[in-house]
Amino acid sequence: MGPHLVTQARRHHDPAVKGFASDNYAGVHPEVLEALALANGGHQVAYGEDAYTAHLQEVFRRHFGERAEAWPVFNGTGANVVGLRAMTAPWEAVVCAETAHVNTDEGGAPERTAGLKLLTVPTPDGKLTPALIDRQAWGFGDEHRAQPRVVSISQSTELGTLYTPEEIAAVAVHCHDLGMLLHLDGARLTNAAAALDVPLRALTTDAGVDVLSFGGTKAGLMFGEVVVVLDPAAVRGLVYLRKTAMQLASKMRFVSVQFEALLAGDLWLRNARNANAMAARLAAAVREVPGVTVTREVRANAVFAVLPRDVADRLRKRFRFYTWDESTGEVRWMTAFDTTEADVDAFAAALAEEMAQR
């Protein structure tokens, strides 16, 4: 292959067009793309025995403590499935909020792939408390009941709410007192840490979390998540389970180098702060539009609102977003690391225009 060769790929989208459906819709941060190019060239040992994955352990320990072990995987569902499966025996179960991503948005993967029983709890705000956990954490020793072993919480939650470090610590203490373990789904952990202005370890290691699914895709990466083991005694067989769950990347250096770009400096924080700030700006702007109601407090990068269905349908043709609750018409708008003030203002103006035509 010579330097004169030119790719035959063509651009098939307008890079100026953005939506508010998901932070997964965003592209790749330029610094991450640079890191991918840096890791390219030459040969590195496959399946994680490369220099980049080795160095990644140091990067994660800097944020999560000396006992932290980083296990890169392909995606968030894979991280949750591998992590939870490593924490449980076949007869054990996971307690989670009814709205948890592992319950509502993973296609039954925890049940089908990991063979896990999910014991769900209705919550008003997507958050579990010790009292709510006790609704399902019972029947220990009863051979007729799946044995509660793990509590899984999300930070931030699917409803955009946040656990404080003290709230997570209270959940962790309660879990451990019951002989259970605490798993944290951190697909948007960086947004939560930025919003609360605390280090990543304050919401994880220092609060007593045992295993973490650390999100990268929503934070500006091309692909990849990491199962972070904070207490090595909480898992078993993870090296085998990652392979059997089809989450072992052969060219793992390209997953690992992205997380190095994200975490070695402050890129994670810059990206999260921008997404959060744009959500706050969006909420403030749409509150000024008569007939639109922001339904939940905006804490991270999610805005929930109710507006007339016909307006939502028309607006969706201009800016992509999803309906969160079909019964009420509540929608969810997500901002990302690359959302700009101009993007937010254009969306708010389009919303006002559609409402005025009603």
# chains A, B, ... in the order shown; residues from 1 in each chain; ligands from 1
$ residues_around --residues "Met252 in chain A" --least-positions-apart "3" --cutoff "6 Å" --atoms "only C-alpha atoms" --output "list in words"
Tyr47, Gly48, Ala249 and Val255 of chain A
$ select_by_dssp --residues "range 47-279 of chain A" --states "helix (DSSP H, G or I)" --output "JSON, numbers by chain"
{"A": [51, 52, 53, 54, 55, 56, 57, 58, 59, 60, 61, 62, 63, 64, 76, 77, 78, 79, 80, 81, 82, 83, 84, 85, 86, 87, 101, 102, 103, 104, 109, 110, 111, 112, 130, 131, 132, 133, 165, 166, 167, 168, 169, 170, 171, 172, 173, 174, 175, 176, 177, 189, 190, 191, 192, 193, 194, 195, 196, 200, 201, 202, 203, 217, 218, 219, 232, 233, 234, 238, 239, 240, 241, 242, 243, 244, 253, 254, 255, 256, 257, 258, 259, 260, 261, 262, 263, 267, 268, 269, 270, 271, 272, 273, 274, 275, 276, 277, 278, 279]}
$ atom_distance --atom1 "CA of Ala169 in chain A" --atom2 "CA of Ala97 in chain A"
17.2 Å
$ closest_residue --among "A:Gly215, A:Met278, A:Glu330, A:Ala312" --to "Phe74 in chain A" --atoms "only C-alpha atoms"
A:Gly215
$ residues_around --residues "Ala272 in chain A" --least-positions-apart "2" --cutoff "12 Å" --atoms "only C-alpha atoms" --output "PDB file with all heavy atoms, in the first residue's frame"
ATOM      1  N   ASP A  23     -26.971  10.848  23.710  1.00  0.00           N
ATOM      2  CA  ASP A  23     -25.564  11.201  23.613  1.00  0.00           C
ATOM      3  C   ASP A  23     -24.782  10.146  22.836  1.00  0.00           C
ATOM      4  O   ASP A  23     -23.631  10.365  22.461  1.00  0.00           O
ATOM      5  CB  ASP A  23     -24.935  11.444  24.992  1.00  0.00           C
ATOM      6  CG  ASP A  23     -25.555  10.617  26.096  1.00  0.00           C
ATOM      7  OD1 ASP A  23     -26.347   9.700  25.793  1.00  0.00           O
ATOM      8  OD2 ASP A  23     -25.272  10.875  27.280  1.00  0.00           O
ATOM      9  N   SER A 156     -25.464   8.640  36.255  1.00  0.00           N
ATOM     10  CA  SER A 156     -26.777   9.110  36.671  1.00  0.00           C
ATOM     11  C   SER A 156     -27.859   8.092  36.299  1.00  0.00           C
ATOM     12  O   SER A 156     -27.617   7.210  35.483  1.00  0.00           O
ATOM     13  CB  SER A 156     -27.084  10.461  35.995  1.00  0.00           C
ATOM     14  OG  SER A 156     -27.031  10.335  34.587  1.00  0.00           O
ATOM     15  N   ALA A 187     -22.782   4.348  32.962  1.00  0.00           N
ATOM     16  CA  ALA A 187     -22.770   4.790  31.566  1.00  0.00           C
ATOM     17  C   ALA A 187     -22.582   6.296  31.466  1.00  0.00           C
ATOM     18  O   ALA A 187     -21.965   6.794  30.526  1.00  0.00           O
ATOM     19  CB  ALA A 187     -24.061   4.366  30.869  1.00  0.00           C
ATOM     20  N   ARG A 188     -23.140   7.029  32.449  1.00  0.00           N
ATOM     21  CA  ARG A 188     -22.982   8.492  32.482  1.00  0.00           C
ATOM     22  C   ARG A 188     -22.366   8.941  33.815  1.00  0.00           C
ATOM     23  O   ARG A 188     -22.715   9.988  34.359  1.00  0.00           O
ATOM     24  CB  ARG A 188     -24.337   9.172  32.256  1.00  0.00           C
ATOM     25  CG  ARG A 188     -24.938   8.893  30.873  1.00  0.00           C
ATOM     26  CD  ARG A 188     -26.205   9.693  30.624  1.00  0.00           C
ATOM     27  NE  ARG A 188     -26.705   9.481  29.260  1.00  0.00           N
ATOM     28  CZ  ARG A 188     -27.660   8.605  28.938  1.00  0.00           C
ATOM     29  NH1 ARG A 188     -28.233   7.868  29.897  1.00  0.00           N
ATOM     30  NH2 ARG A 188     -28.050   8.456  27.688  1.00  0.00           N
ATOM     31  N   LEU A 189     -21.441   8.151  34.317  1.00  0.00           N
ATOM     32  CA  LEU A 189     -20.790   8.492  35.583  1.00  0.00           C
ATOM     33  C   LEU A 189     -20.037   9.812  35.484  1.00  0.00           C
ATOM     34  O   LEU A 189     -20.014  10.600  36.444  1.00  0.00           O
ATOM     35  CB  LEU A 189     -19.826   7.370  35.988  1.00  0.00           C
ATOM     36  CG  LEU A 189     -19.044   7.601  37.277  1.00  0.00           C
ATOM     37  CD1 LEU A 189     -19.981   7.709  38.481  1.00  0.00           C
ATOM     38  CD2 LEU A 189     -18.027   6.481  37.501  1.00  0.00           C
ATOM     39  N   THR A 190     -19.430  10.080  34.352  1.00  0.00           N
ATOM     40  CA  THR A 190     -18.674  11.331  34.224  1.00  0.00           C
ATOM     41  C   THR A 190     -19.601  12.540  34.330  1.00  0.00           C
ATOM     42  O   THR A 190     -19.226  13.559  34.922  1.00  0.00           O
ATOM     43  CB  THR A 190     -17.911  11.373  32.891  1.00  0.00           C
ATOM     44  OG1 THR A 190     -18.826  11.183  31.801  1.00  0.00           O
ATOM     45  CG2 THR A 190     -16.847  10.292  32.833  1.00  0.00           C
ATOM     46  N   ASN A 191     -20.812  12.432  33.777  1.00  0.00           N
ATOM     47  CA  ASN A 191     -21.773  13.537  33.895  1.00  0.00           C
ATOM     48  C   ASN A 191     -22.161  13.758  35.347  1.00  0.00           C
ATOM     49  O   ASN A 191     -22.312  14.901  35.802  1.00  0.00           O
ATOM     50  CB  ASN A 191     -23.017  13.246  33.070  1.00  0.00           C
ATOM     51  CG  ASN A 191     -22.727  13.150  31.590  1.00  0.00           C
ATOM     52  OD1 ASN A 191     -22.499  12.065  31.083  1.00  0.00           O
ATOM     53  ND2 ASN A 191     -22.694  14.272  30.897  1.00  0.00           N
ATOM     54  N   ALA A 192     -22.329  12.669  36.084  1.00  0.00           N
ATOM     55  CA  ALA A 192     -22.698  12.786  37.493  1.00  0.00           C
ATOM     56  C   ALA A 192     -21.581  13.423  38.307  1.00  0.00           C
ATOM     57  O   ALA A 192     -21.821  14.317  39.132  1.00  0.00           O
ATOM     58  CB  ALA A 192     -23.046  11.406  38.053  1.00  0.00           C
ATOM     59  N   ALA A 193     -20.347  12.975  38.089  1.00  0.00           N
ATOM     60  CA  ALA A 193     -19.217  13.527  38.835  1.00  0.00           C
ATOM     61  C   ALA A 193     -19.036  15.012  38.527  1.00  0.00           C
ATOM     62  O   ALA A 193     -18.753  15.817  39.430  1.00  0.00           O
ATOM     63  CB  ALA A 193     -17.945  12.752  38.503  1.00  0.00           C
ATOM     64  N   ALA A 194     -19.207  15.379  37.261  1.00  0.00           N
ATOM     65  CA  ALA A 194     -19.084  16.792  36.893  1.00  0.00           C
ATOM     66  C   ALA A 194     -20.185  17.616  37.534  1.00  0.00           C
ATOM     67  O   ALA A 194     -19.937  18.730  38.030  1.00  0.00           O
ATOM     68  CB  ALA A 194     -19.127  16.936  35.375  1.00  0.00           C
ATOM     69  N   ALA A 195     -21.399  17.090  37.548  1.00  0.00           N
ATOM     70  CA  ALA A 195     -22.521  17.831  38.122  1.00  0.00           C
ATOM     71  C   ALA A 195     -22.364  18.021  39.622  1.00  0.00           C
ATOM     72  O   ALA A 195     -22.710  19.073  40.173  1.00  0.00           O
ATOM     73  CB  ALA A 195     -23.827  17.105  37.819  1.00  0.00           C
ATOM     74  N   LEU A 196     -21.844  17.001  40.295  1.00  0.00           N
ATOM     75  CA  LEU A 196     -21.675  17.064  41.748  1.00  0.00           C
ATOM     76  C   LEU A 196     -20.333  17.672  42.145  1.00  0.00           C
ATOM     77  O   LEU A 196     -20.086  17.907  43.328  1.00  0.00           O
ATOM     78  CB  LEU A 196     -21.798  15.658  42.343  1.00  0.00           C
ATOM     79  CG  LEU A 196     -23.187  15.011  42.220  1.00  0.00           C
ATOM     80  CD1 LEU A 196     -23.112  13.525  42.549  1.00  0.00           C
ATOM     81  CD2 LEU A 196     -24.188  15.714  43.133  1.00  0.00           C
ATOM     82  N   ASP A 197     -19.469  17.889  41.154  1.00  0.00           N
ATOM     83  CA  ASP A 197     -18.139  18.471  41.376  1.00  0.00           C
ATOM     84  C   ASP A 197     -17.328  17.634  42.366  1.00  0.00           C
ATOM     85  O   ASP A 197     -16.763  18.151  43.332  1.00  0.00           O
ATOM     86  CB  ASP A 197     -18.261  19.917  41.875  1.00  0.00           C
ATOM     87  CG  ASP A 197     -16.934  20.675  41.769  1.00  0.00           C
ATOM     88  OD1 ASP A 197     -16.095  20.275  40.928  1.00  0.00           O
ATOM     89  OD2 ASP A 197     -16.739  21.647  42.519  1.00  0.00           O
ATOM     90  N   GLY A 215     -18.678   4.013  31.557  1.00  0.00           N
ATOM     91  CA  GLY A 215     -19.104   4.347  30.207  1.00  0.00           C
ATOM     92  C   GLY A 215     -18.110   5.195  29.446  1.00  0.00           C
ATOM     93  O   GLY A 215     -17.565   6.168  29.977  1.00  0.00           O
ATOM     94  N   GLY A 216     -17.893   4.847  28.183  1.00  0.00           N
ATOM     95  CA  GLY A 216     -17.044   5.647  27.320  1.00  0.00           C
ATOM     96  C   GLY A 216     -17.769   6.178  26.101  1.00  0.00           C
ATOM     97  O   GLY A 216     -17.521   7.305  25.664  1.00  0.00           O
ATOM     98  N   LYS A 218     -20.832   7.245  25.540  1.00  0.00           N
ATOM     99  CA  LYS A 218     -21.607   8.466  25.745  1.00  0.00           C
ATOM    100  C   LYS A 218     -20.718   9.654  26.117  1.00  0.00           C
ATOM    101  O   LYS A 218     -21.177  10.791  26.115  1.00  0.00           O
ATOM    102  CB  LYS A 218     -22.670   8.236  26.815  1.00  0.00           C
ATOM    103  CG  LYS A 218     -23.754   7.242  26.413  1.00  0.00           C
ATOM    104  CD  LYS A 218     -24.743   7.023  27.547  1.00  0.00           C
ATOM    105  CE  LYS A 218     -25.909   6.160  27.107  1.00  0.00           C
ATOM    106  NZ  LYS A 218     -25.514   4.786  26.757  1.00  0.00           N
ATOM    107  N   ALA A 219     -19.464   9.379  26.440  1.00  0.00           N
ATOM    108  CA  ALA A 219     -18.541  10.431  26.873  1.00  0.00           C
ATOM    109  C   ALA A 219     -17.632  10.927  25.764  1.00  0.00           C
ATOM    110  O   ALA A 219     -16.744  11.736  26.025  1.00  0.00           O
ATOM    111  CB  ALA A 219     -17.700   9.926  28.048  1.00  0.00           C
ATOM    112  N   GLY A 220     -17.822  10.420  24.530  1.00  0.00           N
ATOM    113  CA  GLY A 220     -17.037  10.925  23.417  1.00  0.00           C
ATOM    114  C   GLY A 220     -16.145   9.908  22.745  1.00  0.00           C
ATOM    115  O   GLY A 220     -15.363  10.257  21.850  1.00  0.00           O
ATOM    116  N   LEU A 262      -9.361   9.785  27.296  1.00  0.00           N
ATOM    117  CA  LEU A 262     -10.462  10.338  28.083  1.00  0.00           C
ATOM    118  C   LEU A 262     -10.046  10.653  29.510  1.00  0.00           C
ATOM    119  O   LEU A 262     -10.436  11.694  30.061  1.00  0.00           O
ATOM    120  CB  LEU A 262     -11.625   9.336  28.089  1.00  0.00           C
ATOM    121  CG  LEU A 262     -12.927   9.792  28.750  1.00  0.00           C
ATOM    122  CD1 LEU A 262     -13.607  10.872  27.916  1.00  0.00           C
ATOM    123  CD2 LEU A 262     -13.869   8.598  28.954  1.00  0.00           C
ATOM    124  N   ASP A 266      -8.059  15.814  31.477  1.00  0.00           N
ATOM    125  CA  ASP A 266      -9.380  16.253  31.935  1.00  0.00           C
ATOM    126  C   ASP A 266     -10.438  16.205  30.833  1.00  0.00           C
ATOM    127  O   ASP A 266     -11.480  16.846  30.953  1.00  0.00           O
ATOM    128  CB  ASP A 266      -9.303  17.670  32.510  1.00  0.00           C
ATOM    129  CG  ASP A 266      -8.981  18.726  31.437  1.00  0.00           C
ATOM    130  OD1 ASP A 266      -8.554  18.337  30.312  1.00  0.00           O
ATOM    131  OD2 ASP A 266      -9.148  19.924  31.721  1.00  0.00           O
ATOM    132  N   LEU A 267     -10.190  15.421  29.784  1.00  0.00           N
ATOM    133  CA  LEU A 267     -11.167  15.367  28.706  1.00  0.00           C
ATOM    134  C   LEU A 267     -12.525  14.894  29.199  1.00  0.00           C
ATOM    135  O   LEU A 267     -13.561  15.423  28.787  1.00  0.00           O
ATOM    136  CB  LEU A 267     -10.665  14.463  27.577  1.00  0.00           C
ATOM    137  CG  LEU A 267     -11.605  14.325  26.369  1.00  0.00           C
ATOM    138  CD1 LEU A 267     -11.875  15.681  25.722  1.00  0.00           C
ATOM    139  CD2 LEU A 267     -11.026  13.344  25.348  1.00  0.00           C
ATOM    140  N   TRP A 268     -12.536  13.893  30.078  1.00  0.00           N
ATOM    141  CA  TRP A 268     -13.809  13.394  30.611  1.00  0.00           C
ATOM    142  C   TRP A 268     -14.602  14.499  31.279  1.00  0.00           C
ATOM    143  O   TRP A 268     -15.829  14.589  31.128  1.00  0.00           O
ATOM    144  CB  TRP A 268     -13.559  12.248  31.591  1.00  0.00           C
ATOM    145  CG  TRP A 268     -12.919  12.656  32.899  1.00  0.00           C
ATOM    146  CD1 TRP A 268     -11.588  12.751  33.179  1.00  0.00           C
ATOM    147  CD2 TRP A 268     -13.609  13.048  34.095  1.00  0.00           C
ATOM    148  NE1 TRP A 268     -11.390  13.182  34.471  1.00  0.00           N
ATOM    149  CE2 TRP A 268     -12.607  13.360  35.060  1.00  0.00           C
ATOM    150  CE3 TRP A 268     -14.956  13.166  34.449  1.00  0.00           C
ATOM    151  CZ2 TRP A 268     -12.930  13.780  36.358  1.00  0.00           C
ATOM    152  CZ3 TRP A 268     -15.271  13.583  35.743  1.00  0.00           C
ATOM    153  CH2 TRP A 268     -14.265  13.888  36.671  1.00  0.00           C
ATOM    154  N   LEU A 269     -13.903  15.359  32.002  1.00  0.00           N
ATOM    155  CA  LEU A 269     -14.564  16.422  32.739  1.00  0.00           C
ATOM    156  C   LEU A 269     -15.042  17.526  31.804  1.00  0.00           C
ATOM    157  O   LEU A 269     -16.168  18.043  31.948  1.00  0.00           O
ATOM    158  CB  LEU A 269     -13.604  16.982  33.790  1.00  0.00           C
ATOM    159  CG  LEU A 269     -14.167  18.017  34.753  1.00  0.00           C
ATOM    160  CD1 LEU A 269     -15.361  17.465  35.520  1.00  0.00           C
ATOM    161  CD2 LEU A 269     -13.078  18.473  35.731  1.00  0.00           C
ATOM    162  N   ARG A 270     -14.223  17.890  30.835  1.00  0.00           N
ATOM    163  CA  ARG A 270     -14.634  18.909  29.866  1.00  0.00           C
ATOM    164  C   ARG A 270     -15.863  18.471  29.085  1.00  0.00           C
ATOM    165  O   ARG A 270     -16.800  19.247  28.881  1.00  0.00           O
ATOM    166  CB  ARG A 270     -13.471  19.215  28.915  1.00  0.00           C
ATOM    167  CG  ARG A 270     -12.350  20.038  29.532  1.00  0.00           C
ATOM    168  CD  ARG A 270     -11.309  20.392  28.486  1.00  0.00           C
ATOM    169  NE  ARG A 270     -10.357  19.326  28.255  1.00  0.00           N
ATOM    170  CZ  ARG A 270     -10.041  18.824  27.089  1.00  0.00           C
ATOM    171  NH1 ARG A 270     -10.640  19.292  25.985  1.00  0.00           N
ATOM    172  NH2 ARG A 270      -9.147  17.867  26.959  1.00  0.00           N
ATOM    173  N   ASN A 274     -19.661  20.216  29.474  1.00  0.00           N
ATOM    174  CA  ASN A 274     -20.351  20.820  28.339  1.00  0.00           C
ATOM    175  C   ASN A 274     -21.738  20.223  28.167  1.00  0.00           C
ATOM    176  O   ASN A 274     -22.724  20.950  27.984  1.00  0.00           O
ATOM    177  CB  ASN A 274     -19.556  20.634  27.054  1.00  0.00           C
ATOM    178  CG  ASN A 274     -20.244  21.288  25.869  1.00  0.00           C
ATOM    179  OD1 ASN A 274     -20.214  22.506  25.698  1.00  0.00           O
ATOM    180  ND2 ASN A 274     -20.922  20.491  25.045  1.00  0.00           N
ATOM    181  N   ALA A 275     -21.838  18.900  28.216  1.00  0.00           N
ATOM    182  CA  ALA A 275     -23.141  18.252  28.060  1.00  0.00           C
ATOM    183  C   ALA A 275     -24.110  18.707  29.136  1.00  0.00           C
ATOM    184  O   ALA A 275     -25.281  19.013  28.854  1.00  0.00           O
ATOM    185  CB  ALA A 275     -22.973  16.730  28.089  1.00  0.00           C
ATOM    186  N   ASN A 276     -23.643  18.774  30.371  1.00  0.00           N
ATOM    187  CA  ASN A 276     -24.506  19.209  31.471  1.00  0.00           C
ATOM    188  C   ASN A 276     -24.943  20.661  31.302  1.00  0.00           C
ATOM    189  O   ASN A 276     -26.112  21.000  31.525  1.00  0.00           O
ATOM    190  CB  ASN A 276     -23.773  19.052  32.810  1.00  0.00           C
ATOM    191  CG  ASN A 276     -23.506  17.605  33.184  1.00  0.00           C
ATOM    192  OD1 ASN A 276     -23.962  16.682  32.510  1.00  0.00           O
ATOM    193  ND2 ASN A 276     -22.755  17.404  34.252  1.00  0.00           N
ATOM    194  N   ALA A 277     -24.002  21.510  30.923  1.00  0.00           N
ATOM    195  CA  ALA A 277     -24.332  22.929  30.759  1.00  0.00           C
ATOM    196  C   ALA A 277     -25.337  23.136  29.633  1.00  0.00           C
ATOM    197  O   ALA A 277     -26.241  23.977  29.743  1.00  0.00           O
ATOM    198  CB  ALA A 277     -23.050  23.724  30.481  1.00  0.00           C
ATOM    199  N   MET A 278     -25.209  22.367  28.574  1.00  0.00           N
ATOM    200  CA  MET A 278     -26.152  22.508  27.464  1.00  0.00           C
ATOM    201  C   MET A 278     -27.545  22.008  27.849  1.00  0.00           C
ATOM    202  O   MET A 278     -28.561  22.542  27.379  1.00  0.00           O
ATOM    203  CB  MET A 278     -25.636  21.768  26.232  1.00  0.00           C
ATOM    204  CG  MET A 278     -24.383  22.383  25.617  1.00  0.00           C
ATOM    205  SD  MET A 278     -24.563  24.136  25.155  1.00  0.00           S
ATOM    206  CE  MET A 278     -23.754  24.940  26.552  1.00  0.00           C
ATOM    207  N   ALA A 279     -27.614  20.999  28.709  1.00  0.00           N
ATOM    208  CA  ALA A 279     -28.922  20.547  29.201  1.00  0.00           C
ATOM    209  C   ALA A 279     -29.583  21.619  30.051  1.00  0.00           C
ATOM    210  O   ALA A 279     -30.794  21.868  29.941  1.00  0.00           O
ATOM    211  CB  ALA A 279     -28.768  19.258  29.997  1.00  0.00           C
ATOM    212  N   ARG A 299     -30.379  17.598  36.347  1.00  0.00           N
ATOM    213  CA  ARG A 299     -29.171  17.462  37.154  1.00  0.00           C
ATOM    214  C   ARG A 299     -27.925  17.178  36.323  1.00  0.00           C
ATOM    215  O   ARG A 299     -26.830  17.561  36.711  1.00  0.00           O
ATOM    216  CB  ARG A 299     -29.356  16.325  38.181  1.00  0.00           C
ATOM    217  CG  ARG A 299     -30.496  16.522  39.161  1.00  0.00           C
ATOM    218  CD  ARG A 299     -30.292  17.762  40.031  1.00  0.00           C
ATOM    219  NE  ARG A 299     -28.983  17.824  40.649  1.00  0.00           N
ATOM    220  CZ  ARG A 299     -28.634  17.168  41.758  1.00  0.00           C
ATOM    221  NH1 ARG A 299     -29.520  16.396  42.380  1.00  0.00           N
ATOM    222  NH2 ARG A 299     -27.417  17.296  42.268  1.00  0.00           N
ATOM    223  N   ALA A 300     -28.085  16.456  35.226  1.00  0.00           N
ATOM    224  CA  ALA A 300     -26.926  16.109  34.398  1.00  0.00           C
ATOM    225  C   ALA A 300     -27.198  16.530  32.960  1.00  0.00           C
ATOM    226  O   ALA A 300     -27.350  17.721  32.698  1.00  0.00           O
ATOM    227  CB  ALA A 300     -26.632  14.612  34.515  1.00  0.00           C
ATOM    228  N   ASN A 301     -27.284  15.592  32.029  1.00  0.00           N
ATOM    229  CA  ASN A 301     -27.452  15.976  30.625  1.00  0.00           C
ATOM    230  C   ASN A 301     -28.757  15.466  30.026  1.00  0.00           C
ATOM    231  O   ASN A 301     -28.835  15.229  28.819  1.00  0.00           O
ATOM    232  CB  ASN A 301     -26.263  15.500  29.791  1.00  0.00           C
ATOM    233  CG  ASN A 301     -26.145  13.984  29.706  1.00  0.00           C
ATOM    234  OD1 ASN A 301     -26.384  13.282  30.682  1.00  0.00           O
ATOM    235  ND2 ASN A 301     -25.751  13.480  28.547  1.00  0.00           N
ATOM    236  N   ALA A 302     -29.776  15.312  30.865  1.00  0.00           N
ATOM    237  CA  ALA A 302     -31.090  14.878  30.390  1.00  0.00           C
ATOM    238  C   ALA A 302     -32.145  15.905  30.763  1.00  0.00           C
ATOM    239  O   ALA A 302     -32.159  16.421  31.886  1.00  0.00           O
ATOM    240  CB  ALA A 302     -31.457  13.524  30.993  1.00  0.00           C
ATOM    241  N   THR A 335     -28.363  15.909  25.786  1.00  0.00           N
ATOM    242  CA  THR A 335     -27.274  16.704  25.221  1.00  0.00           C
ATOM    243  C   THR A 335     -25.975  15.906  25.302  1.00  0.00           C
ATOM    244  O   THR A 335     -25.872  14.940  26.062  1.00  0.00           O
ATOM    245  CB  THR A 335     -27.120  18.031  25.968  1.00  0.00           C
ATOM    246  OG1 THR A 335     -27.009  17.763  27.377  1.00  0.00           O
ATOM    247  CG2 THR A 335     -28.328  18.934  25.717  1.00  0.00           C
ATOM    248  N   ALA A 336     -24.986  16.294  24.524  1.00  0.00           N
ATOM    249  CA  ALA A 336     -23.744  15.527  24.415  1.00  0.00           C
ATOM    250  C   ALA A 336     -22.532  16.444  24.507  1.00  0.00           C
ATOM    251  O   ALA A 336     -22.663  17.670  24.607  1.00  0.00           O
ATOM    252  CB  ALA A 336     -23.734  14.756  23.095  1.00  0.00           C
ATOM    253  N   PHE A 337     -21.358  15.814  24.427  1.00  0.00           N
ATOM    254  CA  PHE A 337     -20.120  16.586  24.546  1.00  0.00           C
ATOM    255  C   PHE A 337     -19.982  17.612  23.434  1.00  0.00           C
ATOM    256  O   PHE A 337     -19.310  18.636  23.597  1.00  0.00           O
ATOM    257  CB  PHE A 337     -18.912  15.646  24.547  1.00  0.00           C
ATOM    258  CG  PHE A 337     -18.523  15.146  23.174  1.00  0.00           C
ATOM    259  CD1 PHE A 337     -17.628  15.855  22.384  1.00  0.00           C
ATOM    260  CD2 PHE A 337     -19.054  13.971  22.663  1.00  0.00           C
ATOM    261  CE1 PHE A 337     -17.275  15.409  21.119  1.00  0.00           C
ATOM    262  CE2 PHE A 337     -18.704  13.516  21.410  1.00  0.00           C
ATOM    263  CZ  PHE A 337     -17.817  14.233  20.634  1.00  0.00           C
ATOM    264  N   ASP A 338     -20.623  17.346  22.281  1.00  0.00           N
ATOM    265  CA  ASP A 338     -20.474  18.245  21.137  1.00  0.00           C
ATOM    266  C   ASP A 338     -21.680  19.147  20.912  1.00  0.00           C
ATOM    267  O   ASP A 338     -21.734  19.870  19.912  1.00  0.00           O
ATOM    268  CB  ASP A 338     -20.188  17.441  19.868  1.00  0.00           C
ATOM    269  CG  ASP A 338     -21.330  16.496  19.496  1.00  0.00           C
ATOM    270  OD1 ASP A 338     -22.233  16.271  20.332  1.00  0.00           O
ATOM    271  OD2 ASP A 338     -21.314  15.978  18.356  1.00  0.00           O
ATOM    272  N   THR A 339     -22.652  19.123  21.831  1.00  0.00           N
ATOM    273  CA  THR A 339     -23.794  20.028  21.722  1.00  0.00           C
ATOM    274  C   THR A 339     -23.313  21.460  21.976  1.00  0.00           C
ATOM    275  O   THR A 339     -22.570  21.721  22.921  1.00  0.00           O
ATOM    276  CB  THR A 339     -24.888  19.668  22.740  1.00  0.00           C
ATOM    277  OG1 THR A 339     -25.254  18.295  22.568  1.00  0.00           O
ATOM    278  CG2 THR A 339     -26.113  20.543  22.558  1.00  0.00           C
TER     279      THR A 339
END
$ residues_around --residues "Phe347 in chain A" --least-positions-apart "6" --cutoff "9 Å" --atoms "only C-alpha atoms" --output "PDB file with C-alpha atoms, in the first residue's frame"
ATOM      1  CA  GLY A  19     -30.355  15.888  17.479  1.00  0.00           C
ATOM      2  CA  PHE A  20     -31.371  15.484  21.085  1.00  0.00           C
ATOM      3  CA  LEU A 282     -32.013  23.763  27.015  1.00  0.00           C
ATOM      4  CA  VAL A 286     -37.930  25.507  26.701  1.00  0.00           C
ATOM      5  CA  LEU A 315     -40.556  18.756  15.841  1.00  0.00           C
ATOM      6  CA  ARG A 318     -36.453  18.498  12.411  1.00  0.00           C
ATOM      7  CA  PHE A 319     -34.575  17.266  15.482  1.00  0.00           C
TER       8      PHE A 319
END
$ residues_around --residues "Met355 in chain A" --least-positions-apart "3" --cutoff "12 Å" --atoms "only C-alpha atoms" --output "VMD selection string"
chain A and resid 286 288 to 292 307 to 315 348 to 352 358
$ write_last_selection --atoms "C-alpha atoms" --output "PDB file, in the first residue's frame"
ATOM      1  CA  VAL A 286     -37.930  25.507  26.701  1.00  0.00           C
ATOM      2  CA  GLU A 288     -40.024  29.986  28.290  1.00  0.00           C
ATOM      3  CA  VAL A 289     -42.199  28.343  25.635  1.00  0.00           C
ATOM      4  CA  PRO A 290     -45.899  28.438  26.619  1.00  0.00           C
ATOM      5  CA  GLY A 291     -47.481  25.003  26.688  1.00  0.00           C
ATOM      6  CA  VAL A 292     -44.234  23.148  27.414  1.00  0.00           C
ATOM      7  CA  LEU A 307     -45.623  18.986  25.155  1.00  0.00           C
ATOM      8  CA  PRO A 308     -48.535  18.378  22.788  1.00  0.00           C
ATOM      9  CA  ARG A 309     -48.101  15.130  20.852  1.00  0.00           C
ATOM     10  CA  ASP A 310     -48.697  16.722  17.461  1.00  0.00           C
ATOM     11  CA  VAL A 311     -46.008  19.304  18.188  1.00  0.00           C
ATOM     12  CA  ALA A 312     -43.605  16.586  19.286  1.00  0.00           C
ATOM     13  CA  ASP A 313     -44.258  14.635  16.099  1.00  0.00           C
ATOM     14  CA  ARG A 314     -43.595  17.645  13.875  1.00  0.00           C
ATOM     15  CA  LEU A 315     -40.556  18.756  15.841  1.00  0.00           C
ATOM     16  CA  ALA A 348     -35.693  25.942  21.336  1.00  0.00           C
ATOM     17  CA  ALA A 349     -36.585  28.295  18.477  1.00  0.00           C
ATOM     18  CA  ALA A 350     -37.993  25.409  16.437  1.00  0.00           C
ATOM     19  CA  LEU A 351     -40.043  24.274  19.418  1.00  0.00           C
ATOM     20  CA  ALA A 352     -41.449  27.761  19.909  1.00  0.00           C
ATOM     21  CA  ARG A 358     -50.665  24.998  16.845  1.00  0.00           C
TER      22      ARG A 358
END
$ residues_around --residues "Val45 in chain A" --least-positions-apart "4" --cutoff "9 Å" --atoms "only C-alpha atoms" --output "list in words"
Glu49, Asp50, Ala51, Ser250, Lys251 and Arg253 of chain A
